[in-house]
$ cat coords-v6.txt   # compact mmCIF, C-alpha atoms
# COMPACT_ATOMS: atom_id res chain seq x y z
CA MET R 1 -46.04 134.96 32.03
CA LEU R 2 -44.73 131.43 32.58
CA THR R 3 -41.34 132.48 33.91
CA ARG R 4 -42.73 134.91 36.50
CA SER R 5 -45.33 132.43 37.77
CA ALA R 6 -42.81 129.57 37.75
CA TRP R 7 -40.42 131.60 39.90
CA GLN R 8 -43.17 132.67 42.26
CA ASN R 9 -44.21 129.02 42.72
CA LEU R 10 -40.60 128.32 43.73
CA GLY R 11 -40.62 131.14 46.29
CA TYR R 12 -38.43 133.43 44.19
CA GLN R 13 -39.44 137.01 43.53
CA PRO R 14 -38.05 138.30 40.20
CA ARG R 15 -36.73 141.84 40.39
CA LYS R 16 -39.11 144.47 39.03
CA ARG R 17 -36.24 146.46 37.54
CA THR R 18 -32.73 145.41 36.56
CA GLU R 19 -29.75 147.61 35.84
CA TYR R 20 -30.96 147.69 32.21
CA GLY R 21 -34.34 149.20 33.09
CA LEU R 22 -36.27 145.99 32.38
CA SER R 23 -37.97 143.60 34.74
CA GLU R 24 -35.88 140.52 35.46
CA VAL R 25 -38.27 138.40 33.39
CA GLU R 26 -38.00 140.78 30.41
CA ASP R 27 -34.22 140.83 30.83
CA ILE R 28 -34.05 137.03 30.72
CA ILE R 29 -36.22 136.91 27.61
CA TRP R 30 -33.97 139.51 25.97
CA GLU R 31 -30.88 137.36 26.78
CA VAL R 32 -32.18 134.36 24.85
CA ASP R 33 -34.51 135.88 22.23
CA GLU R 34 -32.26 135.46 19.18
CA ASP R 35 -34.83 136.74 16.67
CA ALA R 36 -35.79 139.75 18.88
CA ASN R 37 -39.54 139.16 18.63
CA GLY R 38 -40.07 139.61 22.39
CA TRP R 39 -40.73 136.00 23.31
CA ILE R 40 -38.96 132.66 23.54
CA ASP R 41 -40.05 130.18 20.91
CA TRP R 42 -39.05 126.52 20.74
CA GLU R 43 -35.96 127.26 18.62
CA ASN R 44 -34.74 129.89 21.12
CA PHE R 45 -35.40 127.48 23.97
CA VAL R 46 -33.44 124.65 22.37
CA GLN R 47 -30.55 126.96 21.42
CA LEU R 48 -30.36 128.27 24.98
CA TYR R 49 -30.36 124.80 26.48
CA VAL R 50 -27.74 123.37 24.10
CA ARG R 51 -25.45 126.40 24.41
CA CYS R 52 -25.60 126.34 28.22
CA ARG R 53 -25.05 122.56 28.37
CA LYS R 54 -21.93 122.86 26.20
CA ASP R 55 -20.61 126.13 27.67
CA ARG R 56 -17.18 125.76 29.27
CA THR R 57 -16.38 129.49 29.30
CA GLY R 58 -19.09 130.64 31.70
CA GLN R 59 -20.20 133.32 29.24
CA GLU R 60 -23.65 132.02 28.28
CA PRO R 61 -26.67 133.53 30.07
CA THR R 62 -27.85 130.94 32.59
CA ARG R 63 -30.77 132.43 34.50
CA LEU R 64 -33.45 130.67 32.43
CA TYR R 65 -31.28 127.56 32.14
CA ASN R 66 -31.02 127.37 35.95
CA LEU R 67 -34.79 127.63 36.24
CA ILE R 68 -35.29 124.90 33.62
CA GLU R 69 -32.85 122.50 35.26
CA PHE R 70 -34.35 123.06 38.70
CA MET R 71 -37.91 122.51 37.47
CA VAL R 72 -36.91 119.32 35.61
CA CYS R 73 -35.40 117.92 38.82
CA ASP R 74 -38.33 119.03 40.99
CA LYS R 75 -40.23 115.86 40.12
CA ASP R 76 -43.26 116.46 42.34
CA GLY R 77 -43.50 120.21 41.71
CA GLY R 78 -43.08 120.91 45.40
CA GLY R 79 -40.41 123.59 44.97
CA THR R 80 -37.42 121.51 46.09
CA MET R 81 -34.95 119.02 44.66
CA SER R 82 -33.16 116.23 46.46
CA GLU R 83 -29.47 116.18 47.27
CA ASP R 84 -28.89 113.45 44.67
CA GLU R 85 -30.70 115.42 41.96
CA CYS R 86 -28.70 118.52 42.79
CA MET R 87 -25.42 116.59 42.74
CA GLU R 88 -26.28 115.15 39.32
CA ILE R 89 -26.80 118.63 37.85
CA LEU R 90 -23.61 119.95 39.44
CA TYR R 91 -21.59 116.96 38.26
CA HIS R 92 -22.72 117.48 34.66
CA ARG R 93 -21.91 121.19 34.85
CA TYR R 94 -18.61 121.19 36.71
CA GLY R 95 -17.19 117.68 36.41
CA LYS R 96 -15.79 115.10 38.76
CA GLU R 97 -12.82 117.10 40.03
CA VAL R 98 -14.83 120.11 41.21
CA MET R 99 -17.54 117.95 42.73
CA GLY R 100 -14.98 115.80 44.54
CA LYS R 101 -13.56 118.89 46.21
CA LEU R 102 -16.89 120.39 47.16
CA THR R 103 -19.08 117.43 48.07
CA ASP R 104 -18.22 117.48 51.78
CA GLN R 105 -18.63 121.24 51.99
CA LEU R 106 -21.93 121.36 50.12
CA PHE R 107 -23.66 118.28 51.45
CA ARG R 108 -22.41 118.09 55.04
CA LYS R 109 -24.90 116.62 57.49
CA THR R 110 -24.93 115.06 60.92
CA ALA R 111 -25.79 111.43 61.63
CA ASN R 112 -29.39 112.35 62.56
CA GLU R 113 -30.12 114.32 59.38
CA THR R 114 -31.86 112.93 56.34
CA GLU R 115 -31.07 113.81 52.73
CA LYS R 116 -31.12 117.56 52.20
CA GLU R 117 -33.76 119.14 49.99
CA PHE R 118 -32.65 122.23 48.04
CA SER R 119 -34.99 125.14 47.36
CA PHE R 120 -34.58 127.16 44.17
CA ALA R 121 -32.90 129.96 46.15
CA GLU R 122 -30.38 127.49 47.65
CA PHE R 123 -29.72 126.05 44.19
CA LEU R 124 -29.04 129.55 42.86
CA GLU R 125 -26.61 130.15 45.74
CA LEU R 126 -24.56 127.29 44.30
CA VAL R 127 -24.72 128.01 40.58
CA ASP R 128 -25.27 131.76 40.17
CA PRO R 129 -22.63 132.86 37.64
CA TYR R 130 -21.58 135.91 39.66
CA ASN R 131 -22.20 135.02 43.30
CA GLY R 132 -22.54 131.24 43.43
CA ILE R 133 -20.30 129.05 45.56
CA LEU R 134 -19.27 126.95 42.57
CA THR R 135 -18.71 129.77 40.11
CA GLN R 136 -16.91 132.44 42.11
CA GLY R 137 -14.03 133.80 40.15
CA LYS R 138 -14.97 132.03 36.90
CA ARG R 139 -16.62 135.00 35.18
CA PRO R 140 -15.29 138.50 34.69
CA THR R 141 -17.12 141.20 36.61
$ encode --input "coords-v6.txt" --output "structure tokens"
Amino acid sequence: MLTRSAWQNLGYQPRKRTEYGLSEVEDIIWEVDEDANGWIDWENFVQLYVRCRKDRTGQEPTRLYNLIEFMVCDKDGGGTMSEDECMEILYHRYGKEVMGKLTDQLFRKTANETEKEFSFAEFLELVDPYNGILTQGKRPT
């Protein structure tokens, strides 16, 4: 399955069983499979992406969307994205005000450090809808 292998290439191990009794990959497919045929076709993919891009409520399922955005920004397929690429995604999602407040906290480095590279796990720590630094308190639990 593309999603499972994509996550494994990024050093992420999808859960074998979620609270709904499905594997995490099956759960993600269920979240976005509008026609309930058990797979994500092009129409489902486009709907997911557009809905998540436009979502201002924090209610759209974002697990696959996060994977897509990370893989798009991982230009060389090495499993990381640059600080600038990460900031671009976060700016588009959260806007100038939020990014202005968090830039120093998120991208702090000493004079000797080079630009930070974010792994998929570090990216999820920022954007996860329930536990992420940028989204804490935005979604009901």
$ residues_around --input "coords-v6.txt" --residues "Arg17 (chain R)" --least-positions-apart "4" --cutoff "12 Å" --atoms "only C-alpha atoms" --output "MDAnalysis selection string"
chainID R and resid 13 21:28
$ closest_residue --input "coords-v6.txt" --among "R:Gln47, R:Ser119, R:Asn66, R:Thr103" --to "Asn9 (chain R)" --atoms "only C-alpha atoms"
R:Ser119
$ closest_residue --input "coords-v6.txt" --among "R:Asp74, R:Gly79, R:Asp55, R:Tyr12" --to "His92 (chain R)" --atoms "all atoms listed in the file"
R:Asp55
$ atom_distance --input "coords-v6.txt" --atom1 "CA of Lys116 (chain R)" --atom2 "CA of Arg63 (chain R)"
23.1 Å
$ atom_distance --input "coords-v6.txt" --atom1 "CA of Gln8 (chain R)" --atom2 "CA of Asp128 (chain R)"
18.0 Å
$ closest_residue --input "coords-v6.txt" --among "R:Ala6, R:Leu102, R:Leu90, R:Ala36" --to "Leu64 (chain R)" --atoms "all atoms listed in the file"
R:Ala6
$ residues_around --input "coords-v6.txt" --residues "region 80-82 of chain R" --least-positions-apart "6" --cutoff "12 Å" --atoms "all atoms listed in the file" --output "ChimeraX atom specification"
/R:9-11,67,69-74,88-89,107,114-123
$ atom_distance --input "coords-v6.txt" --atom1 "CA of Gly100 (chain R)" --atom2 "CA of Gly78 (chain R)"
28.6 Å
$ closest_residue --input "coords-v6.txt" --among "R:Lys16, R:Lys75, R:Lys54, R:Phe45" --to "Ile29 (chain R)" --atoms "all atoms listed in the file"
R:Phe45
$ residues_near_point --input "coords-v6.txt" --point "(-32.1, 130.0, 20.3)" --cutoff "7 Å" --atoms "all atoms listed in the file" --output "number ranges by chain"
R: 32-34, 43-48
$ closest_residue --input "coords-v6.txt" --among "R:Glu19, R:Tyr91, R:Glu31, R:Glu125" --to "Thr62 (chain R)" --atoms "all atoms listed in the file"
R:Glu31
